[in-house]
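The file run-v5.cif contains mmCIF, C-alpha atoms:
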```cif
data_my_file
loop_
_atom_site.label_atom_id
_atom_site.label_comp_id
_atom_site.auth_asym_id
_atom_site.auth_seq_id
_atom_site.Cartn_x
_atom_site.Cartn_y
_atom_site.Cartn_z
CA MET A 1 28.73 -29.29 8.75
CA LEU A 2 25.09 -28.69 9.72
CA ASP A 3 22.16 -31.01 10.39
CA VAL A 4 18.87 -30.12 8.71
CA TYR A 5 15.51 -30.85 10.34
CA VAL A 6 12.03 -30.62 8.78
CA SER A 7 9.09 -30.65 11.20
CA ASN A 8 11.48 -31.78 13.97
CA GLN A 9 12.75 -34.76 11.96
CA LEU A 10 16.39 -35.01 10.90
CA VAL A 11 16.33 -35.29 7.11
CA GLY A 12 19.82 -34.41 5.88
CA VAL A 13 23.22 -32.80 6.19
CA LEU A 14 24.48 -29.51 4.73
CA ASP A 15 28.19 -28.92 4.18
CA GLN A 16 30.54 -26.49 2.46
CA PRO A 17 33.67 -28.43 1.40
CA ASP A 18 35.21 -25.38 -0.29
CA PRO A 19 34.40 -21.65 -0.62
CA TYR A 20 32.39 -22.14 -3.80
CA THR A 21 30.56 -25.41 -3.15
CA PHE A 22 27.58 -26.13 -0.90
CA VAL A 23 26.35 -29.72 -0.67
CA PHE A 24 23.11 -31.03 0.80
CA ASN A 25 22.50 -34.75 1.19
CA TYR A 26 19.29 -36.42 2.29
CA LEU A 27 19.65 -39.19 4.83
CA PRO A 28 18.55 -42.64 3.60
CA ASN A 29 15.69 -42.76 6.12
CA ALA A 30 14.42 -39.23 5.46
CA PRO A 31 10.67 -39.26 4.69
CA GLU A 32 9.87 -38.39 1.08
CA ALA A 33 6.91 -36.42 2.40
CA LEU A 34 9.28 -33.96 4.14
CA PRO A 35 11.37 -32.33 1.40
CA ILE A 36 13.38 -29.29 2.40
CA SER A 37 12.04 -27.48 -0.66
CA LEU A 38 9.44 -27.90 -3.38
CA LEU A 39 12.39 -27.67 -5.78
CA MET A 40 14.54 -30.20 -3.90
CA PRO A 41 12.71 -33.51 -3.40
CA LYS A 42 14.43 -36.44 -1.74
CA ARG A 43 16.96 -38.23 -3.95
CA LEU A 44 20.13 -40.27 -3.58
CA GLU A 45 22.22 -37.77 -5.52
CA SER A 46 23.63 -34.77 -3.68
CA TRP A 47 22.10 -31.34 -4.17
CA ILE A 48 25.13 -29.20 -5.08
CA SER A 49 25.20 -25.42 -5.48
CA ARG A 50 27.93 -22.82 -5.98
CA GLU A 51 26.33 -20.74 -3.25
CA LEU A 52 24.10 -21.50 -0.30
CA HIS A 53 20.95 -23.17 -1.64
CA PRO A 54 18.16 -20.55 -1.94
CA VAL A 55 15.85 -22.45 0.44
CA PHE A 56 18.38 -21.88 3.23
CA GLN A 57 18.56 -18.16 2.43
CA ILE A 58 14.85 -17.49 3.02
CA SER A 59 15.30 -16.42 6.64
CA LEU A 60 18.90 -15.26 6.66
CA PRO A 61 19.09 -11.81 8.30
CA GLU A 62 20.08 -8.95 6.05
CA GLY A 63 21.41 -5.42 6.41
CA ALA A 64 21.98 -4.00 9.89
CA LEU A 65 20.85 -7.17 11.66
CA ARG A 66 23.32 -9.30 9.73
CA GLU A 67 26.09 -6.85 10.62
CA LEU A 68 25.20 -7.07 14.30
CA ILE A 69 25.16 -10.87 14.26
CA THR A 70 28.45 -11.01 12.36
CA LYS A 71 30.10 -8.67 14.83
CA LYS A 72 29.02 -10.76 17.81
CA PHE A 73 29.59 -14.29 16.49
CA SER A 74 32.34 -14.09 13.85
CA LYS A 75 35.14 -14.63 16.36
CA ARG A 76 33.78 -18.13 16.99
CA PHE A 77 34.57 -19.16 13.41
CA GLU A 78 37.64 -19.08 11.19
CA HIS A 79 35.42 -17.61 8.46
CA PHE A 80 31.95 -16.09 8.83
CA GLY A 81 29.88 -16.51 5.69
CA ASP A 82 26.37 -17.69 4.89
CA LEU A 83 26.87 -21.18 6.32
CA GLU A 84 28.15 -19.80 9.61
CA LEU A 85 25.30 -17.28 9.77
CA LEU A 86 22.90 -20.17 9.20
CA ALA A 87 24.58 -22.08 12.02
CA VAL A 88 23.84 -19.18 14.37
CA VAL A 89 20.19 -18.46 13.48
CA GLY A 90 19.16 -21.73 11.85
CA GLU A 91 17.17 -23.10 14.76
CA ASN A 92 14.77 -20.15 14.74
CA MET A 93 13.55 -19.44 11.21
CA ILE A 94 10.32 -18.87 9.33
CA GLY A 95 8.95 -22.16 8.01
CA ARG A 96 9.43 -25.75 9.16
CA ILE A 97 13.18 -26.07 8.52
CA GLN A 98 15.63 -25.96 11.41
CA VAL A 99 19.40 -26.12 11.07
CA THR A 100 21.82 -27.01 13.85
CA PRO A 101 25.53 -27.82 14.19
CA HIS A 102 26.19 -31.44 13.20
CA GLY A 103 25.24 -33.85 15.98
CA GLN A 104 23.33 -31.24 17.96
CA ALA A 105 19.56 -31.68 18.19
CA PRO A 106 17.30 -28.61 18.23
CA SER A 107 16.99 -27.31 21.77
CA GLY A 108 13.38 -26.26 21.37
CA LEU A 109 14.21 -23.00 23.14
CA THR A 110 12.66 -19.80 21.84
CA PRO A 111 12.39 -16.27 23.28
CA HIS A 112 9.38 -16.04 25.61
CA GLU A 113 7.72 -12.73 26.29
CA THR A 114 4.14 -11.76 27.00
CA LEU A 115 2.56 -9.89 24.14
CA SER A 116 1.36 -7.17 26.51
CA ARG A 117 4.97 -6.48 27.51
CA LEU A 118 6.17 -6.48 23.92
CA ILE A 119 3.53 -3.93 22.96
CA LYS A 120 4.46 -1.62 25.86
CA GLU A 121 8.24 -2.03 25.72
CA ASP A 122 10.19 0.86 24.29
CA THR A 123 12.24 0.24 21.16
CA THR A 124 15.59 0.85 22.85
CA THR A 125 14.92 -1.88 25.41
CA LEU A 126 13.76 -4.30 22.72
CA VAL A 127 16.85 -3.74 20.61
CA LYS A 128 19.14 -4.21 23.62
CA HIS A 129 17.31 -7.37 24.69
CA TYR A 130 16.87 -9.13 21.36
CA LEU A 131 19.88 -7.87 19.49
CA GLY A 132 22.11 -8.52 22.47
CA GLU A 133 22.01 -11.91 24.12
CA ARG A 134 19.29 -13.19 21.75
CA LEU A 135 20.80 -12.40 18.38
CA HIS A 136 20.75 -16.12 17.61
CA THR A 137 16.93 -16.07 17.64
CA SER A 138 16.74 -13.58 14.77
CA GLY A 139 16.18 -15.92 11.84
CA VAL A 140 13.97 -13.67 9.74
CA SER A 141 15.02 -11.85 6.59
CA GLY A 142 14.53 -8.27 5.51
CA GLY A 143 16.38 -5.04 4.92
CA PHE A 144 15.12 -3.54 8.18
CA ILE A 145 15.68 -4.84 11.70
CA LYS A 146 13.16 -7.46 12.79
CA PHE A 147 13.23 -10.56 14.94
CA LEU A 148 11.10 -13.39 16.33
CA ALA A 149 9.39 -13.48 19.72
CA LYS A 150 7.01 -15.81 21.50
CA SER A 151 4.15 -14.88 23.80
CA PRO A 152 2.88 -17.52 26.24
CA SER A 153 -0.44 -17.18 27.97
CA HIS A 154 -0.41 -16.88 31.74
CA HIS A 155 -3.36 -18.97 32.88
CA GLN A 156 -2.85 -18.09 36.55
CA SER A 157 -3.29 -14.38 35.90
CA SER A 158 -6.70 -12.79 36.32
CA ARG A 159 -5.91 -10.26 33.61
CA PRO A 160 -6.77 -11.05 29.99
CA THR A 161 -3.78 -12.40 28.09
CA PHE A 162 -2.96 -13.61 24.61
CA ALA A 163 -2.65 -17.29 23.81
CA LEU A 164 0.65 -18.94 22.94
CA GLU A 165 1.63 -17.36 19.63
CA GLU A 166 4.71 -16.53 17.65
CA TRP A 167 5.42 -12.98 16.57
CA ILE A 168 7.71 -11.12 14.23
CA ILE A 169 8.71 -7.75 15.68
CA LYS A 170 9.53 -5.01 13.18
CA LEU A 171 11.39 -1.95 14.42
CA SER A 172 11.63 1.66 13.32
CA ASP A 173 14.59 2.77 11.22
CA ASP A 174 16.41 6.08 11.54
CA ASP A 175 16.97 6.28 7.79
CA HIS A 176 13.26 5.77 7.04
CA PRO A 177 11.19 7.90 9.45
CA HIS A 178 7.82 6.45 10.48
CA ILE A 179 8.34 3.22 8.53
CA VAL A 180 6.55 1.25 11.26
CA LEU A 181 3.45 3.44 10.82
CA LEU A 182 3.63 3.06 7.05
CA LYS A 183 3.70 -0.72 7.50
CA TYR A 184 0.87 -0.59 10.01
CA PHE A 185 -1.48 1.41 7.79
CA GLY A 186 -0.41 -0.57 4.72
CA MET A 187 -1.32 -3.83 6.46
CA MET A 188 -4.60 -2.32 7.69
CA ALA A 189 -5.45 -1.38 4.11
CA ALA A 190 -4.57 -4.88 2.93
CA ARG A 191 -6.91 -6.50 5.45
CA ALA A 192 -9.71 -4.04 4.71
CA SER A 193 -9.29 -4.85 0.99
CA GLY A 194 -10.13 -8.50 1.61
CA LEU A 195 -6.60 -9.88 1.53
CA THR A 196 -5.46 -12.51 4.01
CA VAL A 197 -3.31 -10.72 6.60
CA PRO A 198 -1.81 -11.99 9.89
CA ASP A 199 -2.79 -10.36 13.16
CA ILE A 200 -0.87 -7.13 13.78
CA HIS A 201 -0.37 -5.00 16.88
CA LEU A 202 1.12 -1.51 17.00
CA ALA A 203 3.25 -0.82 20.06
CA GLU A 204 2.31 1.96 22.43
CA ASP A 205 5.35 3.97 21.32
CA ARG A 206 4.32 3.49 17.65
CA LYS A 207 7.93 2.53 16.92
CA HIS A 208 7.61 -1.23 16.63
CA LEU A 209 5.03 -3.47 15.05
CA LEU A 210 4.15 -7.05 15.94
CA VAL A 211 3.08 -9.33 13.10
CA LYS A 212 1.83 -12.79 13.97
CA ARG A 213 3.80 -15.65 12.44
CA PHE A 214 1.96 -16.71 9.30
CA ASP A 215 3.76 -20.06 8.96
CA LEU A 216 1.93 -21.86 11.80
CA ASN A 217 -1.06 -24.15 11.37
CA SER A 218 -4.09 -24.33 13.65
CA GLU A 219 -2.16 -26.59 16.04
CA GLY A 220 0.68 -24.08 16.29
CA MET A 221 3.07 -26.27 14.28
CA SER A 222 5.33 -24.78 11.62
CA VAL A 223 4.44 -25.49 8.01
CA GLY A 224 6.58 -25.21 4.92
CA PHE A 225 7.29 -21.73 3.60
CA GLU A 226 9.31 -20.67 0.57
CA ASP A 227 9.51 -17.17 -0.81
CA MET A 228 9.61 -16.58 -4.55
CA CYS A 229 13.37 -16.06 -4.53
CA ALA A 230 13.79 -19.63 -3.33
CA LEU A 231 11.12 -20.94 -5.70
CA PHE A 232 12.86 -19.18 -8.59
CA GLY A 233 16.08 -20.91 -7.48
CA ARG A 234 17.74 -17.54 -6.90
CA PRO A 235 19.78 -16.17 -3.98
CA ALA A 236 18.25 -13.51 -1.75
CA ARG A 237 20.29 -10.75 -3.38
CA ASP A 238 18.30 -11.29 -6.61
CA LYS A 239 14.99 -10.33 -5.01
CA PHE A 240 14.52 -7.41 -7.42
CA THR A 241 14.94 -9.57 -10.54
CA GLY A 242 12.53 -11.90 -12.30
CA SER A 243 9.03 -11.10 -13.46
CA VAL A 244 5.41 -11.14 -12.40
CA GLU A 245 4.71 -13.53 -15.29
CA ARG A 246 7.12 -16.09 -13.85
CA LEU A 247 5.69 -15.57 -10.37
CA ILE A 248 2.20 -16.32 -11.68
CA LYS A 249 3.55 -19.39 -13.48
CA THR A 250 5.18 -20.56 -10.24
CA ILE A 251 1.86 -20.28 -8.41
CA GLY A 252 0.25 -22.29 -11.18
CA THR A 253 2.95 -24.95 -11.03
CA PHE A 254 2.84 -25.66 -7.30
CA CYS A 255 -0.75 -24.82 -6.31
CA GLN A 256 -3.57 -27.16 -7.20
CA GLY A 257 -7.34 -27.01 -7.61
CA GLU A 258 -9.17 -24.52 -5.42
CA LYS A 259 -5.92 -23.40 -3.79
CA LYS A 260 -4.61 -22.40 -7.21
CA ARG A 261 -7.74 -20.37 -7.95
CA LYS A 262 -7.63 -18.70 -4.54
CA SER A 263 -3.89 -17.99 -4.84
CA PHE A 264 -4.28 -16.37 -8.26
CA ASP A 265 -7.13 -14.27 -6.89
CA GLN A 266 -5.19 -13.18 -3.79
CA PHE A 267 -2.06 -12.43 -5.79
CA PHE A 268 -3.99 -10.18 -8.15
CA GLY A 269 -5.46 -8.26 -5.22
CA GLN A 270 -2.11 -8.04 -3.45
CA TYR A 271 -0.23 -6.82 -6.50
CA LEU A 272 -2.95 -4.32 -7.44
CA LEU A 273 -2.91 -2.92 -3.90
CA ALA A 274 0.90 -2.75 -3.90
CA SER A 275 0.85 -0.69 -7.08
CA THR A 276 -2.01 1.50 -5.88
CA ILE A 277 -0.34 2.50 -2.59
CA ARG A 278 3.04 2.81 -4.34
CA ASN A 279 4.77 -0.09 -2.64
CA GLY A 280 8.03 -0.09 -4.55
CA ASP A 281 9.34 -2.79 -2.21
CA ALA A 282 7.06 -5.63 -3.38
CA HIS A 283 10.01 -7.83 -4.40
CA LEU A 284 10.29 -11.61 -4.71
CA LYS A 285 10.91 -12.17 -1.01
CA ASN A 286 7.61 -10.48 -0.15
CA PHE A 287 5.60 -13.17 -1.93
CA GLY A 288 5.73 -16.85 -1.05
CA LEU A 289 3.94 -20.18 -0.73
CA LEU A 290 2.85 -22.05 2.38
CA TYR A 291 2.40 -25.84 2.35
CA GLU A 292 2.07 -28.86 4.61
CA ASN A 293 2.71 -31.24 1.73
CA MET A 294 3.19 -31.11 -2.02
CA GLN A 295 -0.58 -31.03 -2.61
CA THR A 296 -1.49 -28.16 -0.29
CA ALA A 297 0.64 -25.24 -1.50
CA GLU A 298 -1.05 -21.84 -1.53
CA LEU A 299 -0.06 -18.19 -1.58
CA ALA A 300 1.14 -16.98 1.81
CA PRO A 301 -0.75 -14.16 3.55
CA VAL A 302 0.35 -10.55 3.06
CA TYR A 303 3.21 -10.13 5.53
CA ASP A 304 4.69 -6.85 4.30
CA MET A 305 2.77 -3.98 2.70
CA LEU A 306 3.70 -0.30 2.84
CA SER A 307 3.96 2.83 0.73
CA MET A 308 7.74 2.57 0.37
CA SER A 309 7.77 5.21 -2.35
CA VAL A 310 7.16 7.86 0.30
CA TYR A 311 10.96 7.91 0.54
CA ALA A 312 11.49 8.26 -3.23
CA PRO A 313 11.93 11.62 -5.03
CA THR A 314 8.79 13.32 -6.34
CA LEU A 315 8.15 13.83 -10.04
CA ALA A 316 7.64 17.56 -10.53
CA ASN A 317 5.12 17.25 -13.35
CA SER A 318 2.77 14.71 -11.70
CA ARG A 319 3.51 14.62 -7.96
CA ASP A 320 3.89 10.85 -8.30
CA ALA A 321 6.93 9.03 -6.92
CA ASP A 322 9.97 8.72 -9.13
CA ASP A 323 9.89 5.01 -8.42
CA GLY A 324 8.23 1.84 -9.67
CA MET A 325 7.38 -1.75 -8.87
CA ALA A 326 10.15 -4.00 -7.61
CA ILE A 327 9.86 -6.65 -10.32
CA ASN A 328 9.01 -6.55 -14.01
CA PHE A 329 5.57 -6.97 -15.51
CA GLU A 330 5.30 -6.99 -19.28
CA GLY A 331 8.92 -5.90 -19.45
CA SER A 332 8.46 -2.83 -17.26
CA LYS A 333 8.53 -1.83 -13.59
CA ARG A 334 6.09 1.04 -14.05
CA TRP A 335 3.01 1.30 -11.84
CA LEU A 336 -0.03 -0.58 -13.11
CA THR A 337 -2.16 1.19 -15.72
CA PRO A 338 -5.75 0.34 -16.72
CA ASP A 339 -4.38 -1.79 -19.57
CA SER A 340 -1.82 -3.62 -17.45
CA ILE A 341 -4.42 -4.24 -14.72
CA GLN A 342 -6.54 -5.96 -17.34
CA SER A 343 -3.56 -7.96 -18.57
CA LEU A 344 -2.68 -8.99 -15.01
CA SER A 345 -6.24 -10.18 -14.41
CA THR A 346 -6.14 -12.24 -17.60
CA GLN A 347 -2.92 -13.96 -16.56
CA CYS A 348 -4.41 -14.65 -13.12
CA LEU A 349 -7.51 -16.14 -14.78
CA LEU A 350 -9.88 -13.71 -13.05
CA SER A 351 -13.39 -12.95 -14.25
CA ALA A 352 -14.49 -9.41 -15.00
CA LYS A 353 -16.68 -9.55 -11.89
CA SER A 354 -13.71 -10.48 -9.67
CA VAL A 355 -11.64 -7.63 -11.07
CA LYS A 356 -14.49 -5.19 -10.45
CA ASN A 357 -14.84 -6.47 -6.89
CA TRP A 358 -11.13 -6.06 -6.16
CA LYS A 359 -11.12 -2.50 -7.47
CA ALA A 360 -14.15 -1.63 -5.33
CA GLN A 361 -12.75 -3.33 -2.24
CA ILE A 362 -9.39 -1.60 -2.53
CA ALA A 363 -10.97 1.80 -3.13
CA THR A 364 -13.25 1.41 -0.11
CA ALA A 365 -10.40 0.11 2.04
CA LEU A 366 -8.14 3.05 1.22
CA ILE A 367 -10.88 5.56 1.98
CA GLU A 368 -11.59 3.87 5.33
CA THR A 369 -7.91 3.54 6.19
CA SER A 370 -7.20 7.16 5.23
CA ASP A 371 -9.82 8.23 7.78
CA LYS A 372 -7.93 6.21 10.41
CA VAL A 373 -4.69 7.88 9.39
CA ILE A 374 -6.23 11.32 9.93
CA ALA A 375 -7.59 10.19 13.31
CA HIS A 376 -4.11 8.97 14.26
CA LEU A 377 -2.64 12.37 13.42
CA ASP A 378 -5.16 14.05 15.70
CA GLU A 379 -4.51 11.61 18.55
CA TYR A 380 -0.71 11.50 18.38
CA PRO A 381 0.61 14.89 17.19
CA GLU A 382 3.83 14.16 19.09
CA ASP A 383 4.71 11.52 16.49
CA HIS A 384 5.29 14.26 13.87
CA PHE A 385 3.86 11.83 11.33
CA GLU A 386 1.82 14.44 9.46
CA PRO A 387 4.19 15.22 6.53
CA THR A 388 4.86 11.52 5.91
CA ALA A 389 1.17 10.65 6.26
CA HIS A 390 0.07 13.37 3.83
CA ARG A 391 2.61 12.16 1.28
CA MET A 392 1.41 8.58 1.75
CA LEU A 393 -2.22 9.58 1.17
CA GLU A 394 -1.21 11.65 -1.85
CA LEU A 395 0.40 8.55 -3.34
CA TRP A 396 -2.69 6.47 -2.57
CA ALA A 397 -4.83 8.97 -4.44
CA LEU A 398 -2.48 8.94 -7.43
CA GLY A 399 -2.58 5.14 -7.49
CA LEU A 400 -6.38 5.07 -7.33
CA GLU A 401 -6.57 7.24 -10.45
CA ALA A 402 -5.81 4.09 -12.46
CA PHE A 403 -9.26 2.66 -11.71
CA ASP A 404 -11.34 4.87 -9.38
CA SER A 405 -10.98 8.63 -9.72
CA LYS A 406 -13.90 9.33 -7.35
CA ALA A 407 -12.18 7.40 -4.55
CA ALA A 408 -8.96 9.22 -5.33
CA GLN A 409 -10.74 12.54 -4.90
CA ARG A 410 -12.17 11.40 -1.55
CA ILE A 411 -8.71 10.70 -0.22
CA ARG A 412 -7.41 14.03 -1.52
CA LEU A 413 -10.08 15.79 0.52
#
```
Structure re-expressed in structure tokens:
Amino acid sequence: MLDVYVSNQLVGVLDQPDPYTFVFNYLPNAPEALPISLLMPKRLESWISRELHPVFQISLPEGALRELITKKFSKRFEHFGDLELLAVVGENMIGRIQVTPHGQAPSGLTPHETLSRLIKEDTTTLVKHYLGERLHTSGVSGGFIKFLAKSPSHHQSSRPTFALEEWIIKLSDDDHPHIVLLKYFGMMAARASGLTVPDIHLAEDRKHLLVKRFDLNSEGMSVGFEDMCALFGRPARDKFTGSVERLIKTIGTFCQGEKKRKSFDQFFGQYLLASTIRNGDAHLKNFGLLYENMQTAELAPVYDMLSMSVYAPTLANSRDADDGMAINFEGSKRWLTPDSIQSLSTQCLLSAKSVKNWKAQIATALIETSDKVIAHLDEYPEDHFEPTAHRMLELWALGLEAFDSKAAQRIRL
């Protein structure tokens, strides 16, 4: 049995009475203003699911990180499934929910490291440190290894330091060479395009990337976050199902007024950029909503953007990637075409002027970012990034052909 906290207040209890039943109950005194999910408001009746409720799966580690955590902690439990994994990492997750063993209050402890050290630390040391004694602080999802860190300012130091901030650290992956650099330049392109993007810092070894936590308000307090898997009521494994149309409808359902308009606008830009740079990994868990209450929901910043199709086979007749978007739009996962871009803008309620602006901003951003990629190749030849970088830029050019052939030609040069 686990206790569930929202914004440091105990609101309910989560239990698994049998292998196929998960039950969440709100406490009688739980504030109605602190629901655990936009889909699960406070009520007297139990919230029952045949698998762990999607809202609790948002930050569950996946892939290699889950295997590492299971290996280290499974001997402490008779069975090690999703509930037990949540018991291990539940106090340190993205969003305002914390989960602890029943009767145990959150400790408030988090990993503390200076940002300057994190940037300079080599990947091997980071993995040993965080994926060793601090595996329990790794409540962040994703197919590649990543974890949470905290950087306090040192006011007594005469050297410039960073203020108290939370960071997600993303590591390189042996099966996907240079993925950290692909993420770095993808996020740079997103920011240059006019999308909302958290602060990012590339480590000195270019093998890990720090992304500032996007779920903190101006006071440093966690706000609500739910990815689209949770908002679709689907488990994390279904992140490649669903449709863009339903995602747009979900934004329209939970966002209000100006936040709805802004969220539609940002989603259009984010999805158009994802297609243009051939991000075949733009699945449901890479889009989400942030909220402090039911009236303030808005699209979360871009927290993952990269040309994932660099790793896909190449189509011989076009040089494009034998890949596609992660979720369906108009019944297809093909890259956006001029017609589907227009259809997407219509569903997002964008004016012709806004669409024109996004196309221009993205084209300019990719040209500027491609120049930075070339400069990086000149500065760090020891990274051996050149073949991957050239393929990435080739894909960017192919994507730009859908709406700006002149910009595409600039990148090809």
### Task
Name the residues, using the chain letters and numbers of the file, that sit within 12 Å of (30.2, -13.1, 14.8) when counting only C-alpha atoms, and give them as JSON, numbers by chain.
{"A": [65, 66, 67, 68, 69, 70, 71, 72, 73, 74, 75, 76, 77, 78, 79, 80, 81, 82, 84, 85, 86, 87, 88, 89, 135, 136]}
Could you write out as a tab-separated table (two decimals) with C-alpha atoms, in the frame of the given file the residues that the PyMOL selection byres ((chain A and resi 226) around 12) matches in the shown file?
```tsv
chain	number	residue	atom	x	y	z
A	35	PRO	CA	11.37	-32.33	1.40
A	36	ILE	CA	13.38	-29.29	2.40
A	37	SER	CA	12.04	-27.48	-0.66
A	38	LEU	CA	9.44	-27.90	-3.38
A	39	LEU	CA	12.39	-27.67	-5.78
A	40	MET	CA	14.54	-30.20	-3.90
A	54	PRO	CA	18.16	-20.55	-1.94
A	55	VAL	CA	15.85	-22.45	0.44
A	56	PHE	CA	18.38	-21.88	3.23
A	57	GLN	CA	18.56	-18.16	2.43
A	58	ILE	CA	14.85	-17.49	3.02
A	59	SER	CA	15.30	-16.42	6.64
A	93	MET	CA	13.55	-19.44	11.21
A	94	ILE	CA	10.32	-18.87	9.33
A	95	GLY	CA	8.95	-22.16	8.01
A	96	ARG	CA	9.43	-25.75	9.16
A	97	ILE	CA	13.18	-26.07	8.52
A	215	ASP	CA	3.76	-20.06	8.96
A	223	VAL	CA	4.44	-25.49	8.01
A	224	GLY	CA	6.58	-25.21	4.92
A	225	PHE	CA	7.29	-21.73	3.60
A	227	ASP	CA	9.51	-17.17	-0.81
A	228	MET	CA	9.61	-16.58	-4.55
A	229	CYS	CA	13.37	-16.06	-4.53
A	230	ALA	CA	13.79	-19.63	-3.33
A	231	LEU	CA	11.12	-20.94	-5.70
A	232	PHE	CA	12.86	-19.18	-8.59
A	233	GLY	CA	16.08	-20.91	-7.48
A	234	ARG	CA	17.74	-17.54	-6.90
A	236	ALA	CA	18.25	-13.51	-1.75
A	250	THR	CA	5.18	-20.56	-10.24
A	251	ILE	CA	1.86	-20.28	-8.41
A	254	PHE	CA	2.84	-25.66	-7.30
A	284	LEU	CA	10.29	-11.61	-4.71
A	285	LYS	CA	10.91	-12.17	-1.01
A	286	ASN	CA	7.61	-10.48	-0.15
A	287	PHE	CA	5.60	-13.17	-1.93
A	288	GLY	CA	5.73	-16.85	-1.05
A	289	LEU	CA	3.94	-20.18	-0.73
A	290	LEU	CA	2.85	-22.05	2.38
A	291	TYR	CA	2.40	-25.84	2.35
A	292	GLU	CA	2.07	-28.86	4.61
A	297	ALA	CA	0.64	-25.24	-1.50
A	298	GLU	CA	-1.05	-21.84	-1.53
A	299	LEU	CA	-0.06	-18.19	-1.58
A	300	ALA	CA	1.14	-16.98	1.81
```
Per-residue nearest contacts of region 372-405 of chain A to region 262-272 of chain A (12 Å; all atoms listed in the file) as a Markdown table:
```
| residue | atom | partner | partner_atom | distance |
| --- | --- | --- | --- | --- |
| A:Trp396 | CA | A:Leu272 | CA | 11.8 |
| A:Gly399 | CA | A:Leu272 | CA | 9.5 |
| A:Leu400 | CA | A:Leu272 | CA | 10.0 |
| A:Ala402 | CA | A:Leu272 | CA | 10.2 |
| A:Phe403 | CA | A:Leu272 | CA | 10.3 |
```
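We find CA of Asp238 (chain A) and CA of Leu60 (chain A) to be spaced 13.9 Å apart.
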### Task
Any chance you could resolve the PyMOL selection byres ((chain A and resi 385) around 12) against this file and give the residues as a ChimeraX atom specification?
/A:176-182,206-207,373-384,386-392
Please rebuild region 290-303 of chain A with N, CA and C atoms and return the result as a JSON list (two decimals), keeping the file's coordinate frame.
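Contents of rebuild_13.json, as written:
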```json
[["chain", "number", "residue", "atom", "x", "y", "z"],
["A", 290, "LEU", "N", 2.92, -21.22, 1.19],
["A", 290, "LEU", "CA", 2.85, -22.05, 2.38],
["A", 290, "LEU", "C", 2.37, -23.44, 1.98],
["A", 291, "TYR", "N", 2.86, -24.48, 2.67],
["A", 291, "TYR", "CA", 2.40, -25.84, 2.35],
["A", 291, "TYR", "C", 2.70, -26.78, 3.50],
["A", 292, "GLU", "N", 1.82, -27.77, 3.67],
["A", 292, "GLU", "CA", 2.07, -28.86, 4.61],
["A", 292, "GLU", "C", 2.56, -30.08, 3.87],
["A", 293, "ASN", "N", 2.18, -30.20, 2.60],
["A", 293, "ASN", "CA", 2.71, -31.24, 1.73],
["A", 293, "ASN", "C", 2.63, -30.73, 0.30],
["A", 294, "MET", "N", 3.08, -31.55, -0.63],
["A", 294, "MET", "CA", 3.19, -31.11, -2.02],
["A", 294, "MET", "C", 1.83, -30.77, -2.65],
["A", 295, "GLN", "N", 0.75, -31.24, -2.04],
["A", 295, "GLN", "CA", -0.58, -31.03, -2.61],
["A", 295, "GLN", "C", -1.32, -29.85, -1.99],
["A", 296, "THR", "N", -0.74, -29.19, -1.02],
["A", 296, "THR", "CA", -1.49, -28.16, -0.29],
["A", 296, "THR", "C", -0.90, -26.77, -0.43],
["A", 297, "ALA", "N", 0.00, -26.55, -1.36],
["A", 297, "ALA", "CA", 0.64, -25.24, -1.50],
["A", 297, "ALA", "C", -0.37, -24.16, -1.85],
["A", 298, "GLU", "N", -0.22, -22.99, -1.22],
["A", 298, "GLU", "CA", -1.05, -21.84, -1.53],
["A", 298, "GLU", "C", -0.27, -20.57, -1.23],
["A", 299, "LEU", "N", -0.73, -19.47, -1.80],
["A", 299, "LEU", "CA", -0.06, -18.19, -1.58],
["A", 299, "LEU", "C", -0.09, -17.82, -0.11],
["A", 300, "ALA", "N", 1.05, -17.39, 0.41],
["A", 300, "ALA", "CA", 1.14, -16.98, 1.81],
["A", 300, "ALA", "C", 0.35, -15.68, 2.02],
["A", 301, "PRO", "N", -0.08, -15.42, 3.26],
["A", 301, "PRO", "CA", -0.75, -14.16, 3.55],
["A", 301, "PRO", "C", 0.16, -12.96, 3.27],
["A", 302, "VAL", "N", -0.43, -11.79, 3.22],
["A", 302, "VAL", "CA", 0.35, -10.55, 3.06],
["A", 302, "VAL", "C", 1.10, -10.31, 4.36],
["A", 303, "TYR", "N", 2.43, -10.34, 4.30],
["A", 303, "TYR", "CA", 3.21, -10.13, 5.53],
["A", 303, "TYR", "C", 4.06, -8.87, 5.48]]
```
